[in-house]
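Asker: Below is one structure. I have some questions about it.
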Amino acid sequence: MSTANPFLLLLASIFTQNIALVYILGMCPFIVISKNFKTAAGMGVSVIFVVTLTALINWPIYYKILLPLKIEILSFMIFIIVIAATVQLLEMLIEKFFPPLQASFGIFLPLITVNCIVLAVCIFMVLKQYNFIQTVFYSLGTSAGWALAILLMAAIKEKLLLVGDIPKGLRGAGITMIIAGFMAFAFMGFAGMIPLQ
């Protein structure tokens, strides 16, 4: 098992090892949903909920059931089933209590099921051999890091639209990737303060 300090793991997964800006995962909703700050905030909270909950469910399934029975080969399939069930639960809750938010997500809420960061966190917790507490902090930090990145992206894009015109060739994904590159450089500045995990 890993000996990483859970608190440092939380900070590193938000800043120096940000899943969106370092691993470039979860880019489809990152590019599309980041057009509006309110929608980006809703998606960020949804991703935090789904990533953290699925990791906390999948950790005991993997270490208490699959590993002792030596059927780890089924882990990907089990992880995906748990992710799909969690997203379905979230979709029902948002539809019941926040219908306008669901309408603004469009197709992207059900697509959290196939958002690679959700599965990546479950795979990384196994590959890095995190214990349960480390998994709690890692999944929370990773999803919060992705949410922070999409919120910053949405805020910057909204500000750019207010301040001036974006050149035609850079509108959409082009300007998003340029901003993401600058954000990645900014987040690298934390590397000296937060040990890499």
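Quick note on naming: the chains in the structure tokens go A, B, ... in the order shown, residues restart at 1 in each chain, and ligands are numbered from 1 in order of appearance.
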Please return, as a count of residues only, all residues of chain A that DSSP assigns to alpha helix (DSSP H) on the basis of the backbone.
Answerer: 130
Asker: Per residue of segment 92-144 of chain A within 6 Å of segment 11-26 of chain A, record the nearest atom pair and its distance in Å to one decimal, counting only C-alpha atoms, with rows in chain order and ascending residue number, as JSON lines.
Answerer:
```
{"residue": "A:Asn115", "atom": "CA", "partner": "A:Gly26", "partner_atom": "CA", "distance": 5.8}
{"residue": "A:Cys116", "atom": "CA", "partner": "A:Gly26", "partner_atom": "CA", "distance": 5.8}
{"residue": "A:Ile117", "atom": "CA", "partner": "A:Gly26", "partner_atom": "CA", "distance": 5.6}
{"residue": "A:Gly141", "atom": "CA", "partner": "A:Ile14", "partner_atom": "CA", "distance": 5.1}
{"residue": "A:Thr142", "atom": "CA", "partner": "A:Ser13", "partner_atom": "CA", "distance": 4.9}
```
Asker: Which residue out of A:Pro100, A:Lys64, A:Phe132, A:Ala144 has the minimum interatomic distance to Phe49 of chain A when only C-alpha atoms are used?
Answerer: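 Closest to Phe49 of chain A, using only C-alpha atoms: A:Ala144.
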Asker: Hey, which bits of segment 114-162 of chain A sit within 8 Å of segment 166-177 of chain A, and for each residue what's the closest pair of atoms and how far apart in Å (one decimal), counting only C-alpha atoms, rows by chain and increasing number, as JSON lines?
Answerer:
```
{"residue": "A:Met153", "atom": "CA", "partner": "A:Thr176", "partner_atom": "CA", "distance": 7.4}
{"residue": "A:Lys157", "atom": "CA", "partner": "A:Thr176", "partner_atom": "CA", "distance": 8.0}
{"residue": "A:Leu160", "atom": "CA", "partner": "A:Ile166", "partner_atom": "CA", "distance": 7.3}
{"residue": "A:Leu161", "atom": "CA", "partner": "A:Ile166", "partner_atom": "CA", "distance": 7.4}
```
Asker: Those residues with C-alpha atoms, as a PDB file, in the first residue's frame please?
Answerer:
```pdb
ATOM      1  CA  MET A 153     -11.951  28.162 -17.657  1.00  0.00           C
ATOM      2  CA  LYS A 157     -13.990  32.662 -21.232  1.00  0.00           C
ATOM      3  CA  LEU A 160     -12.843  37.332 -22.690  1.00  0.00           C
ATOM      4  CA  LEU A 161     -16.293  37.659 -24.241  1.00  0.00           C
TER       5      LEU A 161
END
```
Asker: Which is closer to Ser2 of chain A than all the others in A:Leu127, A:Val50, A:Ala180, A:Ala191, using only C-alpha atoms?
Answerer: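 With only C-alpha atoms as the atom set, the closest residue is A:Leu127.
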